[in-house]
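All remarks here apply to the structure that follows.
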Amino acid sequence: KSKKGKGESDGIANDAASALDDPQKCLADRAVPPCIRKAYGIEDEVSTAASNAQAVVVNQGYKMADLKAFCSEYDLKHCPTTVTNVGKNDGEAGDEATLDVQYSIATGQGVPETWVYINGQTANPFSDWITWASNTTDIPWVHSLSVGEPEDEFASDNGGQGAVDRMNNELAAIGARGVSIIFASGDSGYQVAQKYPSSSPYVTSV
């Protein structure tokens with residue numbers, strides 16, 4: 001082992017050791033599955049509970065071939081061979097749907113996946129999802145949605161504040177069944193009229 005001369009530094013070695021000691025450090029560089037799983041302490045965690053299930057709700061399709069390639073790229077041991085589809089998947093891979101499906105599976109290893117299509121061209125794109133969820137006995141326990149619009153626009157498009165109140169009641173009813181509903185708060189930063197349903201008091205806004 002060589003000896004360091006006077007004034008020499010262990011800076012590079014210390015940086016490398018720090019990176020190993022701090023599992024979240026890699027998130028600043030590339031938030032890829034191995035990094036995310038390490039950062040959250042779930043490196044080898046795999047769900048074995050038969051009742052577990054998670055759902056992504058989105059207005060785009062995805063491709064199973066892309067999912068398989070993603071699992072192979074990041075050496076995910078529990079890549080599903082099937083995903084439960086609610087609504088028609090046209091086989092066209094949308095970037096957001098692809099991201100949602102792949103990363104929910106990457107973090108929820110072993111958890112059955114459900115993809116739910118919503119029509120983003122309708123006044124209330126969430127109505128089909130709400131109806132399906134309300135009438136489904138074996139409902140997934142976590143629902144992730146990265147869509148929305150300013151709350152005042154949603155109200156205006158659907159006949160007024162009563163539509164927002166009705167949606168909130170439906171979201172509360174689903175939550176009362178033990179379901180976690182996760183909504184993205186939006187891609188545009190602060191807005192005077194917050195994105196909805198992210199602004200609903202009955203969902204978790206991220």
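Scheme for the structure tokens: letters A, B, ... for chains in order shown; per-chain residue numbers from 1; ligand numbers from 1 in order shown.
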
Near Pro33 of chain A, counting only C-alpha atoms, which residues have an atom at most 7 Å away, once you skip same-chain residues fewer than 3 positions from it, shown as a PyMOL selection string?
chain A and resi 36-37+74+106

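Around Glu43 of chain A, within 12 Å and counting only C-alpha atoms, the residues found are Pro23, Pro33, Pro34, Cys35, Ile36, Arg37, Lys38, Ala39, Tyr40, Val46, Asp75, Leu76, Lys77, Ala106, Thr107, Gly108 and Gln109 of chain A, once anything fewer than 3 positions away on its own chain is removed.
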
Hey, can you spit out that residue selection with all heavy atoms as a compact mmCIF listing (two decimals), in the first residue's frame?
# COMPACT_ATOMS: atom_id res chain seq x y z
N PRO A 23 -27.38 6.51 -0.09
CA PRO A 23 -28.09 5.85 -1.18
C PRO A 23 -28.91 6.80 -2.04
O PRO A 23 -29.31 6.44 -3.14
CB PRO A 23 -28.99 4.84 -0.46
CG PRO A 23 -29.16 5.40 0.91
CD PRO A 23 -27.87 6.10 1.23
N PRO A 33 -34.26 2.73 -11.97
CA PRO A 33 -34.77 1.79 -10.98
C PRO A 33 -33.79 1.34 -9.90
O PRO A 33 -34.15 1.36 -8.72
CB PRO A 33 -35.28 0.62 -11.83
CG PRO A 33 -35.75 1.28 -13.07
CD PRO A 33 -34.73 2.37 -13.34
N PRO A 34 -32.56 0.92 -10.23
CA PRO A 34 -31.66 0.48 -9.15
C PRO A 34 -31.41 1.59 -8.13
O PRO A 34 -31.35 1.34 -6.93
CB PRO A 34 -30.38 0.09 -9.89
CG PRO A 34 -30.81 -0.21 -11.27
CD PRO A 34 -31.94 0.74 -11.56
N CYS A 35 -31.26 2.82 -8.62
CA CYS A 35 -31.03 3.96 -7.74
C CYS A 35 -32.25 4.24 -6.87
O CYS A 35 -32.14 4.44 -5.66
CB CYS A 35 -30.69 5.18 -8.59
SG CYS A 35 -30.72 6.73 -7.69
N ILE A 36 -33.43 4.25 -7.48
CA ILE A 36 -34.65 4.54 -6.73
C ILE A 36 -34.88 3.48 -5.65
O ILE A 36 -35.20 3.80 -4.51
CB ILE A 36 -35.86 4.59 -7.69
CG1 ILE A 36 -35.73 5.81 -8.62
CG2 ILE A 36 -37.17 4.67 -6.90
CD1 ILE A 36 -36.76 5.85 -9.72
N ARG A 37 -34.70 2.22 -6.00
CA ARG A 37 -34.94 1.15 -5.04
C ARG A 37 -33.93 1.22 -3.88
O ARG A 37 -34.29 0.98 -2.73
CB ARG A 37 -34.88 -0.21 -5.74
CG ARG A 37 -36.06 -0.43 -6.70
CD ARG A 37 -36.01 -1.81 -7.35
NE ARG A 37 -36.16 -2.88 -6.39
CZ ARG A 37 -37.31 -3.29 -5.89
NH1 ARG A 37 -38.44 -2.69 -6.24
NH2 ARG A 37 -37.36 -4.28 -5.02
N LYS A 38 -32.70 1.60 -4.19
CA LYS A 38 -31.70 1.75 -3.13
C LYS A 38 -32.02 2.95 -2.26
O LYS A 38 -31.93 2.89 -1.03
CB LYS A 38 -30.31 1.89 -3.74
CG LYS A 38 -29.20 1.96 -2.70
CD LYS A 38 -27.82 1.96 -3.35
CE LYS A 38 -26.73 1.96 -2.29
NZ LYS A 38 -25.38 1.96 -2.90
N ALA A 39 -32.41 4.06 -2.88
CA ALA A 39 -32.69 5.29 -2.14
C ALA A 39 -33.82 5.10 -1.14
O ALA A 39 -33.81 5.68 -0.05
CB ALA A 39 -33.01 6.42 -3.11
N TYR A 40 -34.81 4.27 -1.50
CA TYR A 40 -35.95 4.06 -0.63
C TYR A 40 -35.84 2.78 0.20
O TYR A 40 -36.81 2.39 0.86
CB TYR A 40 -37.24 4.06 -1.45
CG TYR A 40 -37.63 5.46 -1.88
CD1 TYR A 40 -37.19 5.98 -3.08
CD2 TYR A 40 -38.40 6.26 -1.06
CE1 TYR A 40 -37.52 7.27 -3.47
CE2 TYR A 40 -38.75 7.55 -1.43
CZ TYR A 40 -38.29 8.05 -2.64
OH TYR A 40 -38.62 9.33 -3.02
N VAL A 46 -39.73 -7.70 -2.51
CA VAL A 46 -40.68 -8.18 -3.51
C VAL A 46 -41.98 -8.53 -2.80
O VAL A 46 -41.96 -9.25 -1.81
CB VAL A 46 -40.13 -9.43 -4.25
CG1 VAL A 46 -41.19 -9.95 -5.23
CG2 VAL A 46 -38.86 -9.09 -4.99
N ASP A 75 -32.48 -5.13 -15.12
CA ASP A 75 -32.36 -6.40 -14.41
C ASP A 75 -33.42 -6.56 -13.33
O ASP A 75 -33.12 -6.97 -12.21
CB ASP A 75 -30.95 -6.52 -13.81
CG ASP A 75 -30.62 -7.95 -13.41
OD1 ASP A 75 -31.17 -8.88 -14.01
OD2 ASP A 75 -29.80 -8.13 -12.48
N LEU A 76 -34.65 -6.21 -13.66
CA LEU A 76 -35.76 -6.38 -12.73
C LEU A 76 -36.19 -7.84 -12.74
O LEU A 76 -36.52 -8.39 -13.79
CB LEU A 76 -36.92 -5.47 -13.11
CG LEU A 76 -36.62 -3.97 -13.09
CD1 LEU A 76 -37.83 -3.18 -13.57
CD2 LEU A 76 -36.20 -3.51 -11.70
N LYS A 77 -36.18 -8.45 -11.59
CA LYS A 77 -36.39 -9.90 -11.51
C LYS A 77 -37.86 -10.30 -11.63
O LYS A 77 -38.16 -11.44 -11.94
CB LYS A 77 -35.84 -10.43 -10.18
CG LYS A 77 -34.38 -10.08 -9.93
CD LYS A 77 -33.47 -10.67 -11.00
CE LYS A 77 -32.01 -10.40 -10.68
NZ LYS A 77 -31.11 -10.88 -11.76
N ALA A 106 -41.33 -1.08 -11.53
CA ALA A 106 -39.95 -1.09 -11.02
C ALA A 106 -39.90 -0.90 -9.51
O ALA A 106 -39.08 -1.52 -8.82
CB ALA A 106 -39.13 0.00 -11.71
N THR A 107 -40.77 -0.04 -8.98
CA THR A 107 -40.75 0.20 -7.54
C THR A 107 -41.66 -0.78 -6.80
O THR A 107 -41.38 -1.10 -5.63
CB THR A 107 -41.20 1.64 -7.23
OG1 THR A 107 -42.43 1.91 -7.89
CG2 THR A 107 -40.16 2.63 -7.72
N GLY A 108 -42.71 -1.23 -7.43
CA GLY A 108 -43.61 -2.19 -6.80
C GLY A 108 -43.37 -3.58 -7.33
O GLY A 108 -44.26 -4.20 -7.94
N GLN A 109 -42.19 -4.11 -7.11
CA GLN A 109 -41.85 -5.43 -7.63
C GLN A 109 -42.76 -6.51 -7.04
O GLN A 109 -42.93 -6.60 -5.82
CB GLN A 109 -40.39 -5.76 -7.31
CG GLN A 109 -39.39 -5.04 -8.21
CD GLN A 109 -39.28 -5.73 -9.57
OE1 GLN A 109 -38.50 -6.64 -9.76
NE2 GLN A 109 -40.09 -5.27 -10.52

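Among the candidate residues A:Ala173, A:Leu27, A:Val101, A:Ala123, the one lying nearest to Asn158 of chain A is A:Ala123, with distances computed using only C-alpha atoms.
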
Might you pull out every residue within 12 Å of Arg166 of chain A, with only C-alpha atoms counted and same-chain residues fewer than 3 positions away left off, and present them as a PDB file with N, CA, C and O atoms, in the first residue's frame?
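Written out: around.pdb:
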ATOM      1  N   ASN A 124     -65.206  15.351 -18.679  1.00  0.00           N
ATOM      2  CA  ASN A 124     -64.756  14.719 -17.436  1.00  0.00           C
ATOM      3  C   ASN A 124     -64.069  13.405 -17.790  1.00  0.00           C
ATOM      4  O   ASN A 124     -64.701  12.359 -17.844  1.00  0.00           O
ATOM      5  N   PHE A 126     -62.332  11.568 -16.089  1.00  0.00           N
ATOM      6  CA  PHE A 126     -62.194  10.645 -14.962  1.00  0.00           C
ATOM      7  C   PHE A 126     -63.454   9.817 -14.718  1.00  0.00           C
ATOM      8  O   PHE A 126     -63.444   8.914 -13.882  1.00  0.00           O
ATOM      9  N   SER A 127     -64.527  10.125 -15.425  1.00  0.00           N
ATOM     10  CA  SER A 127     -65.799   9.468 -15.124  1.00  0.00           C
ATOM     11  C   SER A 127     -65.749   7.962 -15.356  1.00  0.00           C
ATOM     12  O   SER A 127     -66.283   7.188 -14.550  1.00  0.00           O
ATOM     13  N   ILE A 130     -63.759   6.414 -12.509  1.00  0.00           N
ATOM     14  CA  ILE A 130     -64.547   6.445 -11.274  1.00  0.00           C
ATOM     15  C   ILE A 130     -65.626   5.372 -11.298  1.00  0.00           C
ATOM     16  O   ILE A 130     -65.842   4.647 -10.319  1.00  0.00           O
ATOM     17  N   ALA A 155     -64.600  22.706 -13.569  1.00  0.00           N
ATOM     18  CA  ALA A 155     -65.965  23.074 -13.164  1.00  0.00           C
ATOM     19  C   ALA A 155     -66.742  23.657 -14.346  1.00  0.00           C
ATOM     20  O   ALA A 155     -67.889  23.272 -14.605  1.00  0.00           O
ATOM     21  N   ASN A 158     -67.890  21.155 -16.929  1.00  0.00           N
ATOM     22  CA  ASN A 158     -68.826  20.134 -16.470  1.00  0.00           C
ATOM     23  C   ASN A 158     -70.058  20.704 -15.763  1.00  0.00           C
ATOM     24  O   ASN A 158     -70.691  20.016 -14.964  1.00  0.00           O
ATOM     25  N   GLY A 159     -70.367  21.956 -16.038  1.00  0.00           N
ATOM     26  CA  GLY A 159     -71.633  22.501 -15.551  1.00  0.00           C
ATOM     27  C   GLY A 159     -71.578  23.240 -14.241  1.00  0.00           C
ATOM     28  O   GLY A 159     -72.629  23.587 -13.687  1.00  0.00           O
ATOM     29  N   GLY A 160     -70.382  23.459 -13.694  1.00  0.00           N
ATOM     30  CA  GLY A 160     -70.291  24.256 -12.476  1.00  0.00           C
ATOM     31  C   GLY A 160     -69.666  23.528 -11.300  1.00  0.00           C
ATOM     32  O   GLY A 160     -69.184  22.393 -11.416  1.00  0.00           O
ATOM     33  N   GLN A 161     -69.693  24.194 -10.150  1.00  0.00           N
ATOM     34  CA  GLN A 161     -69.049  23.677  -8.943  1.00  0.00           C
ATOM     35  C   GLN A 161     -69.635  22.347  -8.501  1.00  0.00           C
ATOM     36  O   GLN A 161     -68.956  21.538  -7.866  1.00  0.00           O
ATOM     37  N   GLY A 162     -70.882  22.107  -8.846  1.00  0.00           N
ATOM     38  CA  GLY A 162     -71.508  20.842  -8.460  1.00  0.00           C
ATOM     39  C   GLY A 162     -70.754  19.635  -8.984  1.00  0.00           C
ATOM     40  O   GLY A 162     -70.719  18.579  -8.337  1.00  0.00           O
ATOM     41  N   ALA A 163     -70.122  19.767 -10.157  1.00  0.00           N
ATOM     42  CA  ALA A 163     -69.354  18.657 -10.729  1.00  0.00           C
ATOM     43  C   ALA A 163     -68.121  18.365  -9.887  1.00  0.00           C
ATOM     44  O   ALA A 163     -67.742  17.204  -9.694  1.00  0.00           O
ATOM     45  N   ASN A 169     -66.892  13.724  -3.753  1.00  0.00           N
ATOM     46  CA  ASN A 169     -67.627  12.685  -3.033  1.00  0.00           C
ATOM     47  C   ASN A 169     -67.233  11.297  -3.524  1.00  0.00           C
ATOM     48  O   ASN A 169     -67.080  10.356  -2.722  1.00  0.00           O
ATOM     49  N   GLU A 170     -67.071  11.159  -4.847  1.00  0.00           N
ATOM     50  CA  GLU A 170     -66.695   9.859  -5.408  1.00  0.00           C
ATOM     51  C   GLU A 170     -65.267   9.482  -4.993  1.00  0.00           C
ATOM     52  O   GLU A 170     -64.988   8.310  -4.682  1.00  0.00           O
ATOM     53  N   LEU A 171     -64.365  10.442  -4.996  1.00  0.00           N
ATOM     54  CA  LEU A 171     -62.986  10.179  -4.577  1.00  0.00           C
ATOM     55  C   LEU A 171     -62.941   9.792  -3.105  1.00  0.00           C
ATOM     56  O   LEU A 171     -62.193   8.891  -2.701  1.00  0.00           O
ATOM     57  N   ALA A 172     -63.741  10.475  -2.289  1.00  0.00           N
ATOM     58  CA  ALA A 172     -63.796  10.142  -0.864  1.00  0.00           C
ATOM     59  C   ALA A 172     -64.323   8.723  -0.651  1.00  0.00           C
ATOM     60  O   ALA A 172     -63.835   7.990   0.216  1.00  0.00           O
ATOM     61  N   ALA A 173     -65.316   8.339  -1.461  1.00  0.00           N
ATOM     62  CA  ALA A 173     -65.888   6.998  -1.331  1.00  0.00           C
ATOM     63  C   ALA A 173     -64.868   5.931  -1.676  1.00  0.00           C
ATOM     64  O   ALA A 173     -64.782   4.886  -1.001  1.00  0.00           O
ATOM     65  N   PRO A 197     -57.912  16.773 -10.463  1.00  0.00           N
ATOM     66  CA  PRO A 197     -58.265  16.546  -9.071  1.00  0.00           C
ATOM     67  C   PRO A 197     -57.104  16.576  -8.067  1.00  0.00           C
ATOM     68  O   PRO A 197     -57.305  16.208  -6.913  1.00  0.00           O
ATOM     69  N   SER A 200     -58.080  18.165  -4.908  1.00  0.00           N
ATOM     70  CA  SER A 200     -59.127  17.574  -4.069  1.00  0.00           C
ATOM     71  C   SER A 200     -58.564  17.216  -2.698  1.00  0.00           C
ATOM     72  O   SER A 200     -57.447  16.720  -2.589  1.00  0.00           O
TER      73      SER A 200
END

Pull the closest atom pair for each residue of segment 94-206 of chain A that gets at most 12 Å from segment 65-70 of chain A, along with the distance in Å to one decimal, counting only C-alpha atoms, ordering rows by chain and then ascending residue number, as a Markdown table.
| residue | atom | partner | partner_atom | distance |
| --- | --- | --- | --- | --- |
| A:Gly94 | CA | A:Asp66 | CA | 11.0 |
| A:Asp95 | CA | A:Asp66 | CA | 11.0 |
| A:Ala97 | CA | A:Leu67 | CA | 10.9 |
| A:Thr98 | CA | A:Leu67 | CA | 7.7 |
| A:Leu99 | CA | A:Leu67 | CA | 9.4 |
| A:Asp100 | CA | A:Leu67 | CA | 10.6 |
| A:Val101 | CA | A:Leu67 | CA | 7.8 |
| A:Gln102 | CA | A:Leu67 | CA | 6.0 |
| A:Tyr103 | CA | A:Phe70 | CA | 9.4 |
| A:Ser104 | CA | A:Leu67 | CA | 11.1 |
| A:Ile105 | CA | A:Leu67 | CA | 9.1 |
| A:Ala106 | CA | A:Phe70 | CA | 9.1 |
| A:Glu113 | CA | A:Leu67 | CA | 11.8 |

Would you please extract all strand (DSSP E) residues from segment 84-199 of chain A, as assigned by DSSP on the backbone, and give them as an MDAnalysis selection string?
chainID A and resid 84:86 113:117 142:145 149:150 180:183 195:196

Enumerate as a PyMOL selection string all residues of segment 57-160 of chain A assigned to helix (DSSP H, G or I) by DSSP on the backbone, naming them with the chain letters and numbers the document uses.
chain A and resi 64-73+95-107+127-134+151-157

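Shortest atom-to-atom contact with Lys63 of chain A among A:Asn89, A:Gln191, A:Thr48, A:Thr84: A:Asn89, counting only C-alpha atoms.
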
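Our summary of the geometry notes that atom CA of Gln24 of chain A is positioned 28.8 Å from atom CA of Ser199 of chain A.
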
With only C-alpha atoms as the basis for distance, which of A:Ile139, A:Met64, A:Cys71, A:Val179 is at the shortest distance from Ala93 of chain A?
A:Met64

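Summary of the local environment: counting only C-alpha atoms, residues at most 6 Å from segment 142-147 of chain A, other than itself and those fewer than 3 positions away along its chain, are Gln54, Ala55, Val56, Val57, Val179, Ser180, Ile181, Ile182, Phe183 and Ala184 of chain A.
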
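Of the listed residues (A:Val83, A:Ala133, A:Ala31, A:Ala50), A:Val83 comes nearest to Tyr62 of chain A; the distances count only C-alpha atoms.
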